[in-house]
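As structure tokens, the structure follows; a few thoughts come after it.
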Amino acid sequence: MKPNFSLRLRVFNLNCWGIPYLSKHRADRMKRLGDFLNMESFDLALLEEVWSEQDFQYLRQKLLPTYPAAHYFRSGIIGSGLCVFSKHPIQEFTQHIFTVNGYPYMIHHGDWFCGKAVGLLVLQLSGLVLNAYVTHLHAEYNRQKDIYLAHRVAQAWELAHFIHHTSKKADMVLLCGDLNLHPKDLGYRLLKEWTGLHDAYLETRDFKGSEEGCTMVPGNCYVNQKELERFPCGIRIDYVLYKAVSGLYISCKTLKTTTGHDPHSGSPLSDHEALMATLCVRHSPPQHNPSSTQGPAERSPLISVLRETLTELDLAVAQACWWATFAGYVIGLGLLLLAMLCALAAGGGFGEVAILLWTPSVGLTLGAGAIYIFHMQEAKGLCKARAELQHVLGRAREAQDLGPESQPALFLGHQEGDRAEDQ
């Protein structure tokens with residue numbers, strides 16, 4: 001690599017709010033989004049909530065001259081809603097569907113039917129390998145009584161783990177998406193601590209946009225104002241995160257957001273604000289990096305967030321097991337009731353009553369069976385994440401006890417983002 005090597009990468013991210021039949025002015029917003037992307041000519045455009053494949057195909061055709069490469073990530077019943085448009089050829093792509101993702105009986109929320117996932121694209125830019133990830137985690141709905149907190153934390157862990165294991169051969173890592181996490185939330189802290197990713201809003205040299213970098217703001221006419229009553233400036237839940245390895249250094253030169261309206265037509269592109277980042281990649285000059293001799297005190301934030309995550313998952317596993325046990329008792333009660341109704345019908349004394357009660361009894365038993373199966377599946381998915389975290393926490397404690405002279409393989413991925421500066 002030449003000492004004066006440099007590369008500029010322009011990235012666009014937006015949650016498009018493209019729910020068929022429900023999202024207002026969807027077709028018009030998709031048209032204006034396509035016009036905007038063609039005009040700006042980003043290197044990468046990563047989109048969430050493009051729920052209709054017809055919308056993707058429309059954008060695909062509209063953006064083809066500017067973005068010759070594109071991919072739509074399919075999963076679940078409705079779809080992941082994730083898609084990517086690129087000026088550069090896509091070398092590889094894959095996706096990981098999150099193990100836990102809401103509840104099927106919460107139909108009005110719909111996350112379970114979407115198949116929330118993380119999509120990965122592998123690109124080559126000037127001889128460098130870029131792993132670009134796009135994701136959309138489970139929505140929050142009610143911050144005071146968040147029944148999906150453990151699911152979102154488990155998804156954040158799966159996301160971090162997926163990035164950790166798939167980015168080992170990459171020179172650069174980019175993650176964009178709607179994380180549905182506030183900057184101080186457990187899932188956000190877990191993701192950053194384990195992957196070593198940098199937040200473009202916190203690192204940028206030049207920010208222009210909504211106050212505090214918020215990506216859902218009261219000034220947007222599509223936003224439900226009740227959701228922002230406790231947040232007068234809005235909330236920041238959409239992110240551009242990045243890191244470099246292999247002797248490279250990435251900085252965020254500029255970061256912009258829309259501010260409740262389309263920069264050109266005035267009306268919003270979505271209920272979320274778009275993120276537009278300019279990342280500069282250059283050769284990292286040799287210099288001492290304190291993180292390479294990281295001691296126990298410096299590792300404590302990772303250990304602390306791992307412990308906090310384990311506590312949250314322990315509670316969630318216990319709750320899932322309780323619901324499965326309760327459903328099991330209901331199944332037993334339903335089967336007993338059905339046996340009694342069969343006996344009554346056979347005896348002939350209460351045949352009409354037995355027939356009337358037969359259908360609701362069957363419905364009760366089948367419904368309880370479905371709930372049992374789902375919550376057992378939920379418990380196993382949460383246990384999987386918990387087991388991985390317990391193993392990582394054990395290794396982290398071992399590394400802390402051994403001191404800075406021993407650098408277990410555990411921390412190789414965690415530190416790669418910082419190691420760039422000492423190569």
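Order determines the names: the first chain of the structure tokens is A, the second B, and so forth; residues in each chain are numbered 1 upward, and ligands are numbered 1 upward as they are shown.
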
Please list as number ranges by chain every residue within 10 Å of A:Val392, counting only C-alpha atoms and excluding residues in the same chain fewer than 2 positions away.
A: 194, 303, 306, 386-390, 394-398, 410-411

With 12 Å as the cut-off and only C-alpha atoms counted, what is the closest atom pair between each nearby residue of stretch 51-151 of chain A and stretch 31-38 of chain A? Distances in Å to one decimal, ordered by chain and number, as JSON lines.
```
{"residue": "A:Asp55", "atom": "CA", "partner": "A:Lys31", "partner_atom": "CA", "distance": 9.4}
{"residue": "A:Phe56", "atom": "CA", "partner": "A:Gly34", "partner_atom": "CA", "distance": 10.4}
{"residue": "A:Gln57", "atom": "CA", "partner": "A:Gly34", "partner_atom": "CA", "distance": 11.4}
{"residue": "A:Tyr58", "atom": "CA", "partner": "A:Lys31", "partner_atom": "CA", "distance": 8.5}
{"residue": "A:Leu59", "atom": "CA", "partner": "A:Gly34", "partner_atom": "CA", "distance": 6.0}
{"residue": "A:Arg60", "atom": "CA", "partner": "A:Gly34", "partner_atom": "CA", "distance": 9.0}
{"residue": "A:Gln61", "atom": "CA", "partner": "A:Gly34", "partner_atom": "CA", "distance": 9.6}
{"residue": "A:Lys62", "atom": "CA", "partner": "A:Gly34", "partner_atom": "CA", "distance": 6.4}
{"residue": "A:Leu63", "atom": "CA", "partner": "A:Asn38", "partner_atom": "CA", "distance": 6.2}
{"residue": "A:Leu64", "atom": "CA", "partner": "A:Asn38", "partner_atom": "CA", "distance": 9.1}
{"residue": "A:Pro65", "atom": "CA", "partner": "A:Asn38", "partner_atom": "CA", "distance": 8.3}
{"residue": "A:Thr66", "atom": "CA", "partner": "A:Asn38", "partner_atom": "CA", "distance": 6.1}
{"residue": "A:Tyr67", "atom": "CA", "partner": "A:Asn38", "partner_atom": "CA", "distance": 8.1}
{"residue": "A:Pro68", "atom": "CA", "partner": "A:Asn38", "partner_atom": "CA", "distance": 11.5}
{"residue": "A:Val84", "atom": "CA", "partner": "A:Leu37", "partner_atom": "CA", "distance": 12.0}
{"residue": "A:Phe85", "atom": "CA", "partner": "A:Leu37", "partner_atom": "CA", "distance": 9.6}
{"residue": "A:Ser86", "atom": "CA", "partner": "A:Leu37", "partner_atom": "CA", "distance": 10.8}
{"residue": "A:Lys87", "atom": "CA", "partner": "A:Asn38", "partner_atom": "CA", "distance": 10.7}
```

I need the residues from that last selection saved to file as a short mmCIF file (atom, residue, chain, number, x, y, z; two decimals), in the first residue's frame (with C-alpha atoms), if you can.
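Saved to result08.cif:
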```
data_model
loop_
_atom_site.label_atom_id
_atom_site.label_comp_id
_atom_site.auth_asym_id
_atom_site.auth_seq_id
_atom_site.Cartn_x
_atom_site.Cartn_y
_atom_site.Cartn_z
CA ASP A 55 -40.82 -0.72 -4.49
CA PHE A 56 -37.36 -2.29 -4.62
CA GLN A 57 -37.80 -3.19 -8.29
CA TYR A 58 -38.98 0.37 -9.01
CA LEU A 59 -35.89 1.81 -7.30
CA ARG A 60 -33.70 -0.80 -8.98
CA GLN A 61 -34.74 0.35 -12.44
CA LYS A 62 -34.65 4.04 -11.55
CA LEU A 63 -31.18 3.83 -9.99
CA LEU A 64 -29.61 1.39 -12.45
CA PRO A 65 -27.58 4.00 -14.40
CA THR A 66 -26.03 5.37 -11.20
CA TYR A 67 -26.00 2.26 -9.00
CA PRO A 68 -25.44 -0.77 -11.25
CA VAL A 84 -28.61 -1.97 -0.85
CA PHE A 85 -27.64 -0.01 -3.96
CA SER A 86 -23.98 0.29 -4.90
CA LYS A 87 -21.87 2.07 -7.51
#
```

From the options A:Ser267, A:Ser126, A:Gln155, A:Ser361, which residue's atoms come nearest to A:Leu313, counting only C-alpha atoms?
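Of the candidates, the smallest distance to A:Leu313 is held by A:Gln155.
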
Run DSSP on the backbone and give me the residues of stretch 75-291 of chain A it puts in alpha helix (DSSP H), as a VMD selection string.
chain A and resid 111 to 114 149 to 166 186 to 195 200 to 203

Need to verify the contact set: A:Leu149, 9 Å, only C-alpha atoms, exclusion of same-chain residues closer than 2 positions in sequence. Can you return it as an MDAnalysis selection string?
chainID A and resid 138 140 143 146:147 151:154 187 312 316

Assign secondary structure with DSSP using the backbone only, and return the residues of stretch 10-117 of chain A in strand (DSSP E or B) as a VMD selection string.
chain A and resid 10 to 18 44 to 50 69 to 73 82 to 86 90 to 97 117

Find the distance between atom CA of A:Glu158 and atom CA of A:Val134 and write it in Å to one decimal.
13.5 Å

Contact residues around A:Gln95 with only C-alpha atoms at 8 Å, ignoring same-chain residues under 5 positions, as an NGL selection string:
:A and (73 or 117-120)
